[in-house]
file entry33.cif (mmCIF, C-alpha atoms; chains and numbers go by the auth columns)
data_my_file
loop_
_atom_site.group_PDB
_atom_site.id
_atom_site.type_symbol
_atom_site.label_atom_id
_atom_site.label_comp_id
_atom_site.label_asym_id
_atom_site.label_seq_id
_atom_site.Cartn_x
_atom_site.Cartn_y
_atom_site.Cartn_z
_atom_site.B_iso_or_equiv
_atom_site.auth_seq_id
_atom_site.auth_asym_id
ATOM 1 C CA MET A 1 -174.802 -161.449 -149.424 0.00 1 M
ATOM 2 C CA ARG A 2 -172.554 -162.259 -146.482 0.00 2 M
ATOM 3 C CA VAL A 3 -170.246 -164.217 -148.777 0.00 3 M
ATOM 4 C CA VAL A 4 -170.030 -161.280 -151.198 0.00 4 M
ATOM 5 C CA ALA A 5 -169.371 -158.836 -148.339 0.00 5 M
ATOM 6 C CA ALA A 6 -166.680 -161.089 -146.893 0.00 6 M
ATOM 7 C CA ALA A 7 -165.072 -161.386 -150.290 0.00 7 M
ATOM 8 C CA CYS A 8 -165.040 -157.588 -150.677 0.00 8 M
ATOM 9 C CA VAL A 9 -163.434 -157.175 -147.264 0.00 9 M
ATOM 10 C CA TRP A 10 -160.821 -159.796 -148.103 0.00 10 M
ATOM 11 C CA LEU A 11 -160.008 -158.107 -151.414 0.00 11 M
ATOM 12 C CA ALA A 12 -159.686 -154.733 -149.708 0.00 12 M
ATOM 13 C CA LEU A 13 -157.331 -156.176 -147.076 0.00 13 M
ATOM 14 C CA TRP A 14 -155.286 -157.950 -149.760 0.00 14 M
ATOM 15 C CA ALA A 15 -154.948 -154.721 -151.753 0.00 15 M
ATOM 16 C CA TRP A 16 -153.884 -152.809 -148.633 0.00 16 M
ATOM 17 C CA ALA A 17 -151.332 -155.467 -147.690 0.00 17 M
ATOM 18 C CA SER A 18 -149.947 -155.419 -151.238 0.00 18 M
ATOM 19 C CA MET A 19 -149.584 -151.643 -151.081 0.00 19 M
ATOM 20 C CA LEU A 20 -147.755 -151.806 -147.755 0.00 20 M
ATOM 21 C CA GLN A 21 -145.475 -154.508 -149.136 0.00 21 M
ATOM 22 C CA GLY A 22 -144.696 -152.328 -152.146 0.00 22 M
ATOM 23 C CA TRP A 23 -143.846 -149.377 -149.919 0.00 23 M
ATOM 24 C CA ALA A 24 -141.623 -151.574 -147.738 0.00 24 M
ATOM 25 C CA ALA A 25 -139.830 -152.955 -150.803 0.00 25 M
ATOM 26 C CA ALA A 26 -139.222 -149.449 -152.162 0.00 26 M
ATOM 27 C CA GLY A 27 -137.892 -148.375 -148.768 0.00 27 M
ATOM 28 C CA ALA A 28 -135.583 -151.397 -148.612 0.00 28 M
ATOM 29 C CA GLU A 29 -134.275 -150.603 -152.099 0.00 29 M
ATOM 30 C CA GLU A 30 -133.434 -147.025 -151.162 0.00 30 M
ATOM 31 C CA MET A 31 -131.813 -148.080 -147.878 0.00 31 M
ATOM 32 C CA GLN A 32 -129.075 -149.758 -149.931 0.00 32 M
ATOM 33 C CA TRP A 33 -128.133 -146.328 -151.323 0.00 33 M
ATOM 34 C CA ARG A 34 -127.741 -142.864 -149.810 0.00 34 M
ATOM 35 C CA ARG A 35 -129.718 -140.149 -151.570 0.00 35 M
ATOM 36 C CA VAL A 36 -127.780 -137.006 -152.513 0.00 36 M
ATOM 37 C CA VAL A 37 -128.777 -134.010 -154.617 0.00 37 M
ATOM 38 C CA VAL A 38 -126.142 -132.999 -157.200 0.00 38 M
ATOM 39 C CA GLU A 39 -126.034 -130.039 -159.589 0.00 39 M
ATOM 40 C CA GLU A 40 -126.291 -130.982 -163.271 0.00 40 M
ATOM 41 C CA SER A 41 -123.196 -128.885 -164.056 0.00 41 M
ATOM 42 C CA TRP A 42 -120.973 -131.523 -162.404 0.00 42 M
ATOM 43 C CA PHE A 43 -121.920 -134.077 -165.057 0.00 43 M
ATOM 44 C CA LYS A 44 -120.328 -131.946 -167.804 0.00 44 M
ATOM 45 C CA LYS A 45 -116.807 -132.130 -166.339 0.00 45 M
ATOM 46 C CA SER A 46 -114.838 -135.167 -167.576 0.00 46 M
ATOM 47 C CA VAL A 47 -117.347 -137.682 -166.248 0.00 47 M
ATOM 48 C CA LEU A 48 -118.059 -141.094 -167.775 0.00 48 M
ATOM 49 C CA GLN A 49 -121.797 -141.643 -168.034 0.00 49 M
ATOM 50 C CA THR A 50 -124.499 -143.604 -169.762 0.00 50 M
ATOM 51 C CA SER A 51 -128.307 -143.457 -169.596 0.00 51 M
ATOM 52 C CA GLN A 52 -130.464 -146.572 -169.259 0.00 52 M
ATOM 53 C CA GLN A 53 -134.199 -147.187 -169.139 0.00 53 M
ATOM 54 C CA LEU A 54 -134.697 -148.942 -165.807 0.00 54 M
ATOM 55 C CA SER A 55 -137.810 -148.849 -163.674 0.00 55 M
ATOM 56 C CA SER A 56 -136.632 -149.197 -160.076 0.00 56 M
ATOM 57 C CA VAL A 57 -133.975 -148.189 -157.564 0.00 57 M
ATOM 58 C CA THR A 58 -132.817 -151.811 -157.355 0.00 58 M
ATOM 59 C CA LEU A 59 -132.320 -152.137 -161.116 0.00 59 M
ATOM 60 C CA CYS A 60 -130.466 -148.819 -161.384 0.00 60 M
ATOM 61 C CA GLY A 61 -128.204 -149.715 -158.472 0.00 61 M
ATOM 62 C CA ALA A 62 -127.500 -153.179 -159.888 0.00 62 M
ATOM 63 C CA ALA A 63 -126.648 -151.657 -163.279 0.00 63 M
ATOM 64 C CA CYS A 64 -124.201 -149.252 -161.631 0.00 64 M
ATOM 65 C CA MET A 65 -122.513 -152.068 -159.725 0.00 65 M
ATOM 66 C CA ARG A 66 -121.878 -153.967 -162.966 0.00 66 M
ATOM 67 C CA HIS A 67 -119.558 -151.183 -164.196 0.00 67 M
ATOM 68 C CA ASP A 68 -116.163 -150.719 -162.532 0.00 68 M
ATOM 69 C CA TRP A 69 -116.255 -147.011 -163.361 0.00 69 M
ATOM 70 C CA CYS A 70 -119.760 -146.308 -161.973 0.00 70 M
ATOM 71 C CA ARG A 71 -119.738 -144.470 -158.618 0.00 71 M
ATOM 72 C CA LEU A 72 -123.067 -142.608 -158.659 0.00 72 M
ATOM 73 C CA TRP A 73 -126.394 -142.924 -160.457 0.00 73 M
ATOM 74 C CA CYS A 74 -129.192 -140.400 -160.813 0.00 74 M
ATOM 75 C CA ARG A 75 -132.851 -140.324 -161.750 0.00 75 M
ATOM 76 C CA THR A 76 -133.380 -138.310 -164.954 0.00 76 M
ATOM 77 C CA ALA A 77 -136.995 -139.505 -165.424 0.00 77 M
ATOM 78 C CA PRO A 78 -139.335 -141.947 -163.632 0.00 78 M
ATOM 79 C CA THR A 79 -138.112 -144.831 -165.794 0.00 79 M
ATOM 80 C CA HIS A 80 -134.568 -143.659 -166.637 0.00 80 M
ATOM 81 C CA CYS A 81 -131.333 -143.550 -164.659 0.00 81 M
ATOM 82 C CA LEU A 82 -127.971 -141.978 -165.437 0.00 82 M
ATOM 83 C CA LEU A 83 -124.914 -144.040 -164.471 0.00 83 M
ATOM 84 C CA THR A 84 -121.831 -141.880 -163.837 0.00 84 M
ATOM 85 C CA SER A 85 -118.213 -142.019 -162.651 0.00 85 M
ATOM 86 C CA LEU A 86 -118.710 -138.950 -160.460 0.00 86 M
ATOM 87 C CA ILE A 87 -117.579 -139.471 -156.846 0.00 87 M
ATOM 88 C CA VAL A 88 -119.814 -137.642 -154.372 0.00 88 M
ATOM 89 C CA SER A 89 -119.568 -137.580 -150.573 0.00 89 M
ATOM 90 C CA GLY A 90 -122.513 -139.141 -148.787 0.00 90 M
ATOM 91 C CA SER A 91 -122.794 -135.839 -146.860 0.00 91 M
ATOM 92 C CA TYR A 92 -122.826 -133.592 -149.936 0.00 92 M
ATOM 93 C CA GLN A 93 -125.208 -130.633 -150.084 0.00 93 M
ATOM 94 C CA PRO A 94 -125.596 -128.659 -153.350 0.00 94 M
ATOM 95 C CA SER A 95 -124.825 -124.947 -153.482 0.00 95 M
ATOM 96 C CA GLU A 96 -127.506 -124.486 -156.161 0.00 96 M
ATOM 97 C CA ALA A 97 -130.535 -126.769 -155.853 0.00 97 M
ATOM 98 C CA HIS A 98 -132.527 -125.458 -158.817 0.00 98 M
ATOM 99 C CA ASP A 99 -130.527 -127.346 -161.493 0.00 99 M
ATOM 100 C CA ALA A 100 -129.946 -130.507 -159.444 0.00 100 M
ATOM 101 C CA LEU A 101 -130.650 -134.198 -159.950 0.00 101 M
ATOM 102 C CA THR A 102 -131.729 -136.716 -157.332 0.00 102 M
ATOM 103 C CA CYS A 103 -128.875 -139.204 -157.185 0.00 103 M
ATOM 104 C CA TYR A 104 -127.767 -142.226 -155.167 0.00 104 M
ATOM 105 C CA THR A 105 -124.381 -143.258 -153.824 0.00 105 M
ATOM 106 C CA SER A 106 -123.179 -146.178 -151.742 0.00 106 M
ATOM 107 C CA ARG A 107 -120.831 -143.816 -149.865 0.00 107 M
ATOM 108 C CA GLU A 108 -121.731 -143.190 -146.227 0.00 108 M
ATOM 109 C CA SER A 109 -121.997 -139.814 -144.501 0.00 109 M
ATOM 110 C CA GLU A 110 -118.655 -138.335 -143.439 0.00 110 M
ATOM 111 C CA MET A 111 -117.050 -135.286 -141.802 0.00 111 M
ATOM 112 C CA ALA A 112 -114.666 -133.787 -144.391 0.00 112 M
ATOM 113 C CA PHE A 113 -117.335 -132.126 -146.547 0.00 113 M
ATOM 114 C CA GLY A 114 -117.508 -128.397 -145.806 0.00 114 M
ATOM 115 C CA ALA A 115 -114.675 -128.448 -143.250 0.00 115 M
ATOM 116 C CA ASN A 116 -111.981 -125.764 -143.190 0.00 116 M
ATOM 117 C CA ILE A 117 -108.656 -126.729 -144.735 0.00 117 M
ATOM 118 C CA THR A 118 -105.140 -125.271 -144.820 0.00 118 M
ATOM 119 C CA SER A 119 -101.995 -126.607 -146.494 0.00 119 M
ATOM 120 C CA SER A 120 -98.369 -126.139 -147.440 0.00 120 M
ATOM 121 C CA PRO A 121 -97.867 -124.026 -150.621 0.00 121 M
ATOM 122 C CA GLY A 122 -100.286 -124.855 -153.453 0.00 122 M
ATOM 123 C CA LEU A 123 -100.495 -124.068 -157.163 0.00 123 M
ATOM 124 C CA ASP A 124 -102.854 -121.975 -159.289 0.00 124 M
ATOM 125 C CA TYR A 125 -104.968 -125.101 -159.842 0.00 125 M
ATOM 126 C CA GLY A 126 -105.747 -128.084 -157.616 0.00 126 M
ATOM 127 C CA LEU A 127 -106.744 -125.877 -154.695 0.00 127 M
ATOM 128 C CA PRO A 128 -106.826 -127.373 -151.158 0.00 128 M
ATOM 129 C CA LYS A 129 -110.541 -126.526 -150.829 0.00 129 M
ATOM 130 C CA ASN A 130 -111.270 -129.156 -153.501 0.00 130 M
ATOM 131 C CA LEU A 131 -110.538 -131.822 -150.880 0.00 131 M
ATOM 132 C CA VAL A 132 -113.475 -130.707 -148.743 0.00 132 M
ATOM 133 C CA GLY A 133 -115.817 -129.850 -151.637 0.00 133 M
ATOM 134 C CA GLY A 134 -117.435 -133.290 -151.587 0.00 134 M
ATOM 135 C CA VAL A 135 -117.249 -133.959 -155.364 0.00 135 M
ATOM 136 C CA TYR A 136 -114.450 -135.431 -157.509 0.00 136 M
ATOM 137 C CA THR A 137 -114.642 -135.701 -161.295 0.00 137 M
ATOM 138 C CA ASN A 138 -111.214 -137.350 -161.930 0.00 138 M
ATOM 139 C CA HIS A 139 -110.085 -134.144 -163.697 0.00 139 M
ATOM 140 C CA PHE A 140 -106.830 -132.630 -162.407 0.00 140 M
ATOM 141 C CA ARG A 141 -108.578 -129.350 -161.560 0.00 141 M
ATOM 142 C CA SER A 142 -110.926 -131.317 -159.293 0.00 142 M
ATOM 143 C CA SER A 143 -108.007 -132.662 -157.221 0.00 143 M
ATOM 144 C CA SER A 144 -105.826 -130.898 -154.627 0.00 144 M
ATOM 145 C CA LEU A 145 -102.086 -130.403 -155.219 0.00 145 M
ATOM 146 C CA VAL A 146 -99.526 -128.951 -152.814 0.00 146 M
ATOM 147 C CA THR A 147 -95.755 -128.989 -152.397 0.00 147 M
ATOM 148 C CA SER A 148 -93.459 -128.776 -149.393 0.00 148 M
ATOM 149 C CA ALA A 149 -92.409 -125.492 -147.836 0.00 149 M
ATOM 150 C CA THR A 150 -88.782 -126.696 -147.600 0.00 150 M
ATOM 151 C CA GLU A 151 -86.496 -128.864 -149.736 0.00 151 M
ATOM 152 C CA SER A 152 -86.521 -131.593 -147.067 0.00 152 M
ATOM 153 C CA GLY A 153 -90.125 -132.548 -147.874 0.00 153 M
ATOM 154 C CA GLY A 154 -93.313 -132.584 -145.888 0.00 154 M
ATOM 155 C CA ALA A 155 -96.113 -131.355 -148.169 0.00 155 M
ATOM 156 C CA TRP A 156 -99.321 -131.379 -146.120 0.00 156 M
ATOM 157 C CA PHE A 157 -103.027 -130.690 -145.728 0.00 157 M
ATOM 158 C CA LEU A 158 -104.719 -129.919 -142.419 0.00 158 M
ATOM 159 C CA VAL A 159 -108.482 -130.416 -142.072 0.00 159 M
ATOM 160 C CA ASP A 160 -110.253 -128.530 -139.265 0.00 160 M
ATOM 161 C CA LEU A 161 -113.476 -130.304 -138.268 0.00 161 M
ATOM 162 C CA GLY A 162 -114.568 -127.334 -136.144 0.00 162 M
ATOM 163 C CA VAL A 163 -114.992 -129.334 -132.933 0.00 163 M
ATOM 164 C CA SER A 164 -113.397 -132.432 -131.485 0.00 164 M
ATOM 165 C CA ARG A 165 -114.774 -135.530 -133.210 0.00 165 M
ATOM 166 C CA THR A 166 -114.276 -139.288 -132.859 0.00 166 M
ATOM 167 C CA ILE A 167 -112.493 -140.534 -135.982 0.00 167 M
ATOM 168 C CA SER A 168 -112.359 -144.185 -137.020 0.00 168 M
ATOM 169 C CA GLU A 169 -111.507 -143.964 -140.731 0.00 169 M
ATOM 170 C CA VAL A 170 -109.865 -141.720 -143.327 0.00 170 M
ATOM 171 C CA LEU A 171 -110.348 -142.522 -147.014 0.00 171 M
ATOM 172 C CA LEU A 172 -108.066 -141.078 -149.692 0.00 172 M
ATOM 173 C CA ILE A 173 -108.276 -141.420 -153.473 0.00 173 M
ATOM 174 C CA PRO A 174 -105.166 -140.491 -155.501 0.00 174 M
ATOM 175 C CA HIS A 175 -105.477 -138.387 -158.629 0.00 175 M
ATOM 176 C CA LEU A 176 -104.061 -140.422 -161.520 0.00 176 M
ATOM 177 C CA ARG A 177 -104.139 -140.696 -165.251 0.00 177 M
ATOM 178 C CA SER A 178 -105.823 -143.922 -166.345 0.00 178 M
ATOM 179 C CA GLY A 179 -103.581 -146.995 -166.035 0.00 179 M
ATOM 180 C CA THR A 180 -100.796 -145.267 -164.101 0.00 180 M
ATOM 181 C CA THR A 181 -99.291 -144.944 -160.640 0.00 181 M
ATOM 182 C CA SER A 182 -98.485 -141.617 -159.014 0.00 182 M
ATOM 183 C CA LYS A 183 -95.311 -140.526 -157.254 0.00 183 M
ATOM 184 C CA ARG A 184 -97.380 -137.614 -155.982 0.00 184 M
ATOM 185 C CA PHE A 185 -99.307 -140.039 -153.754 0.00 185 M
ATOM 186 C CA GLN A 186 -96.810 -141.922 -151.604 0.00 186 M
ATOM 187 C CA ASP A 187 -95.130 -141.866 -148.170 0.00 187 M
ATOM 188 C CA ILE A 188 -98.332 -140.539 -146.571 0.00 188 M
ATOM 189 C CA GLU A 189 -98.923 -140.170 -142.863 0.00 189 M
ATOM 190 C CA VAL A 190 -102.346 -139.302 -141.397 0.00 190 M
ATOM 191 C CA LYS A 191 -102.612 -138.006 -137.829 0.00 191 M
ATOM 192 C CA VAL A 192 -105.246 -136.548 -135.496 0.00 192 M
ATOM 193 C CA GLY A 193 -104.734 -133.748 -132.971 0.00 193 M
ATOM 194 C CA ASP A 194 -106.410 -131.028 -130.920 0.00 194 M
ATOM 195 C CA VAL A 195 -104.062 -128.082 -131.546 0.00 195 M
ATOM 196 C CA GLN A 196 -103.759 -126.317 -134.909 0.00 196 M
ATOM 197 C CA GLU A 197 -100.288 -126.823 -136.392 0.00 197 M
ATOM 198 C CA ALA A 198 -98.621 -125.942 -139.702 0.00 198 M
ATOM 199 C CA GLY A 199 -96.436 -128.789 -140.896 0.00 199 M
ATOM 200 C CA ASN A 200 -95.113 -129.962 -137.537 0.00 200 M
ATOM 201 C CA PHE A 201 -97.589 -132.590 -136.392 0.00 201 M
ATOM 202 C CA THR A 202 -95.366 -134.405 -133.877 0.00 202 M
ATOM 203 C CA SER A 203 -97.894 -133.816 -131.070 0.00 203 M
ATOM 204 C CA TYR A 204 -100.659 -135.556 -133.058 0.00 204 M
ATOM 205 C CA THR A 205 -101.694 -139.210 -132.734 0.00 205 M
ATOM 206 C CA LEU A 206 -100.897 -141.416 -135.732 0.00 206 M
ATOM 207 C CA LEU A 207 -104.005 -142.792 -137.426 0.00 207 M
ATOM 208 C CA GLY A 208 -102.351 -144.631 -140.337 0.00 208 M
ATOM 209 C CA THR A 209 -99.722 -144.622 -143.074 0.00 209 M
ATOM 210 C CA PHE A 210 -99.566 -145.431 -146.788 0.00 210 M
ATOM 211 C CA LYS A 211 -96.240 -146.217 -148.468 0.00 211 M
ATOM 212 C CA GLY A 212 -97.533 -146.206 -152.047 0.00 212 M
ATOM 213 C CA PRO A 213 -97.245 -145.082 -154.716 0.00 213 M
ATOM 214 C CA GLY A 214 -100.967 -144.830 -155.412 0.00 214 M
ATOM 215 C CA MET A 215 -102.461 -146.857 -158.254 0.00 215 M
ATOM 216 C CA ASP A 216 -105.189 -146.036 -160.762 0.00 216 M
ATOM 217 C CA GLY A 217 -108.663 -146.642 -159.301 0.00 217 M
ATOM 218 C CA GLN A 218 -107.344 -147.241 -155.784 0.00 218 M
ATOM 219 C CA GLU A 219 -109.226 -146.146 -152.678 0.00 219 M
ATOM 220 C CA VAL A 220 -106.868 -146.001 -149.695 0.00 220 M
ATOM 221 C CA THR A 221 -108.705 -146.555 -146.407 0.00 221 M
ATOM 222 C CA LEU A 222 -106.743 -145.980 -143.205 0.00 222 M
ATOM 223 C CA ARG A 223 -108.131 -147.149 -139.854 0.00 223 M
ATOM 224 C CA PRO A 224 -106.510 -146.961 -136.403 0.00 224 M
ATOM 225 C CA HIS A 225 -106.617 -149.886 -133.970 0.00 225 M
ATOM 226 C CA ALA A 226 -109.036 -147.812 -131.885 0.00 226 M
ATOM 227 C CA SER A 227 -110.954 -144.635 -132.715 0.00 227 M
ATOM 228 C CA ILE A 228 -109.088 -141.355 -132.116 0.00 228 M
ATOM 229 C CA THR A 229 -110.672 -138.157 -130.836 0.00 229 M
ATOM 230 C CA GLY A 230 -109.515 -134.782 -132.136 0.00 230 M
ATOM 231 C CA ARG A 231 -110.446 -131.638 -134.035 0.00 231 M
ATOM 232 C CA TYR A 232 -107.686 -131.642 -136.662 0.00 232 M
ATOM 233 C CA VAL A 233 -106.706 -134.276 -139.237 0.00 233 M
ATOM 234 C CA SER A 234 -103.300 -133.894 -140.890 0.00 234 M
ATOM 235 C CA ILE A 235 -102.354 -135.589 -144.171 0.00 235 M
ATOM 236 C CA GLN A 236 -98.635 -135.259 -144.812 0.00 236 M
ATOM 237 C CA ARG A 237 -96.072 -136.614 -147.240 0.00 237 M
ATOM 238 C CA THR A 238 -92.953 -137.598 -145.292 0.00 238 M
ATOM 239 C CA SER A 239 -90.640 -137.461 -148.338 0.00 239 M
ATOM 240 C CA SER A 240 -89.924 -134.548 -150.696 0.00 240 M
ATOM 241 C CA GLY A 241 -92.113 -133.783 -153.692 0.00 241 M
ATOM 242 C CA TYR A 242 -95.690 -132.917 -154.529 0.00 242 M
ATOM 243 C CA LEU A 243 -98.685 -134.328 -152.691 0.00 243 M
ATOM 244 C CA GLN A 244 -101.780 -134.678 -154.895 0.00 244 M
ATOM 245 C CA ILE A 245 -105.086 -136.135 -153.675 0.00 245 M
ATOM 246 C CA GLY A 246 -108.286 -136.489 -155.631 0.00 246 M
ATOM 247 C CA HIS A 247 -110.830 -137.136 -152.896 0.00 247 M
ATOM 248 C CA LEU A 248 -111.012 -137.249 -149.092 0.00 248 M
ATOM 249 C CA GLU A 249 -113.557 -138.657 -146.661 0.00 249 M
ATOM 250 C CA ILE A 250 -113.340 -138.724 -142.852 0.00 250 M
ATOM 251 C CA ARG A 251 -115.550 -140.900 -140.653 0.00 251 M
#
call {"tool": "encode", "arguments": {"input": "entry33.cif", "output": "structure tokens"}}
result
Amino acid sequence: MRVVAAACVWLALWAWASMLQGWAAAGAEEMQWRRVVVEESWFKKSVLQTSQQLSSVTLCGAACMRHDWCRLWCRTAPTHCLLTSLIVSGSYQPSEAHDALTCYTSRESEMAFGANITSSPGLDYGLPKNLVGGVYTNHFRSSSLVTSATESGGAWFLVDLGVSRTISEVLLIPHLRSGTTSKRFQDIEVKVGDVQEAGNFTSYTLLGTFKGPGMDGQEVTLRPHASITGRYVSIQRTSSGYLQIGHLEIR
């Protein structure tokens, strides 16, 4: 009887240990990805996507990484995942949660999402607010497009973070047609300051520059030698012409 009782105890402990190991493995899988909730309507706007029957977070993430175009994957059923080209900020929060999917991105949390933004003159499409909307579909109406206020150049965006923040990285993605470069994404200067300006950012501290032009699929990451503290982040083209940006992240 003692042998049987000992065996039962051992089996119970083994089952419990196996369960804990399974939970730990699932947690480790999800730690590789940041969970975001995204409205289904975004997946109907010029987004590459494919559905696969895969049973775990690890398998879905690995499948996404095998495709150059895959930026985000979502659970559509317990054993299915949707691989998509949608770019979503790691800090994104949906405006409507009732038609949303649970998705995963490798992008970290950042400060641009939901921030206030002003700019030099824009057009009827490509509004400046798109840059702080947290989602980019690669469609031109999902990008932000402005021009300079004078013939001498200087098209710009100014992001207001609300309070002074420590900034160590600014990531920019140009808006481009597939297989092209863009003259609308070149001669870029990013600065950080504490006073709101409108095109004259000479008092700001330089964070980084990008000569360009931007190339298809490129993610331009600018980092200063040391972190810079400030409330405002300016993104300005130093030559004449349009400035068009598809996606922005600030960390």
call {"tool": "resolve_selection", "arguments": {"input": "entry33.cif", "expression": "the PyMOL selection byres ((chain M and resi 165) around 9)", "output": "list in words"}}
result
Met111, Leu161, Gly162, Val163, Ser164, Thr166, Ile167, Ile228, Thr229, Gly230, Arg231 and Tyr232 of chain M
call {"tool": "write_last_selection", "arguments": {"input": "entry33.cif", "atoms": "C-alpha atoms", "output": "tab-separated table (two decimals), in the frame of the given file"}}
result
chain	number	residue	atom	x	y	z
M	111	MET	CA	-117.05	-135.29	-141.80
M	161	LEU	CA	-113.48	-130.30	-138.27
M	162	GLY	CA	-114.57	-127.33	-136.14
M	163	VAL	CA	-114.99	-129.33	-132.93
M	164	SER	CA	-113.40	-132.43	-131.49
M	166	THR	CA	-114.28	-139.29	-132.86
M	167	ILE	CA	-112.49	-140.53	-135.98
M	228	ILE	CA	-109.09	-141.35	-132.12
M	229	THR	CA	-110.67	-138.16	-130.84
M	230	GLY	CA	-109.52	-134.78	-132.14
M	231	ARG	CA	-110.45	-131.64	-134.04
M	232	TYR	CA	-107.69	-131.64	-136.66
call {"tool": "atom_distance", "arguments": {"input": "entry33.cif", "atom1": "CA of Trp33 (chain M)", "atom2": "CA of Thr209 (chain M)"}}
result
29.6 Å
call {"tool": "axis_aligned_box", "arguments": {"input": "entry33.cif", "around": "region 182-186 of chain M", "padding_each_side": "3 Å", "output": "JSON"}}
result
{"center_x": -97.3, "center_y": -139.8, "center_z": -155.3, "size_x": 10.0, "size_y": 10.3, "size_z": 13.4}
call {"tool": "residues_around", "arguments": {"input": "entry33.cif", "residues": "region 195-203 of chain M", "least_positions_apart": "5", "cutoff": "10 Å", "atoms": "only C-alpha atoms", "output": "list in words"}}
result
Thr118, Ser119, Ser120, Ser148, Ala149, Gly154, Ala155, Trp156, Phe157, Leu158, Val159, Asp160, Val190, Gly230, Arg231, Tyr232, Val233, Ser234, Ile235 and Gln236 of chain M
call {"tool": "write_last_selection", "arguments": {"input": "entry33.cif", "atoms": "C-alpha atoms", "output": "PDB file, in the frame of the given file"}}
result
ATOM      1  CA  THR M 118    -105.140-125.271-144.820  1.00  0.00           C
ATOM      2  CA  SER M 119    -101.995-126.607-146.494  1.00  0.00           C
ATOM      3  CA  SER M 120     -98.369-126.139-147.440  1.00  0.00           C
ATOM      4  CA  SER M 148     -93.459-128.776-149.393  1.00  0.00           C
ATOM      5  CA  ALA M 149     -92.409-125.492-147.836  1.00  0.00           C
ATOM      6  CA  GLY M 154     -93.313-132.584-145.888  1.00  0.00           C
ATOM      7  CA  ALA M 155     -96.113-131.355-148.169  1.00  0.00           C
ATOM      8  CA  TRP M 156     -99.321-131.379-146.120  1.00  0.00           C
ATOM      9  CA  PHE M 157    -103.027-130.690-145.728  1.00  0.00           C
ATOM     10  CA  LEU M 158    -104.719-129.919-142.419  1.00  0.00           C
ATOM     11  CA  VAL M 159    -108.482-130.416-142.072  1.00  0.00           C
ATOM     12  CA  ASP M 160    -110.253-128.530-139.265  1.00  0.00           C
ATOM     13  CA  VAL M 190    -102.346-139.302-141.397  1.00  0.00           C
ATOM     14  CA  GLY M 230    -109.515-134.782-132.136  1.00  0.00           C
ATOM     15  CA  ARG M 231    -110.446-131.638-134.035  1.00  0.00           C
ATOM     16  CA  TYR M 232    -107.686-131.642-136.662  1.00  0.00           C
ATOM     17  CA  VAL M 233    -106.706-134.276-139.237  1.00  0.00           C
ATOM     18  CA  SER M 234    -103.300-133.894-140.890  1.00  0.00           C
ATOM     19  CA  ILE M 235    -102.354-135.589-144.171  1.00  0.00           C
ATOM     20  CA  GLN M 236     -98.635-135.259-144.812  1.00  0.00           C
TER      21      GLN M 236
END
call {"tool": "atom_distance", "arguments": {"input": "entry33.cif", "atom1": "CA of Glu39 (chain M)", "atom2": "CA of Gly114 (chain M)"}}
result
16.3 Å
call {"tool": "resolve_selection", "arguments": {"input": "entry33.cif", "expression": "the PyMOL selection byres ((chain M and resi 249) around 6)", "output": "list in words"}}
result
Ala112, Val170, Leu171, Leu248 and Ile250 of chain M
call {"tool": "atom_distance", "arguments": {"input": "entry33.cif", "atom1": "CA of Ser106 (chain M)", "atom2": "CA of Tyr136 (chain M)"}}
result
15.0 Å
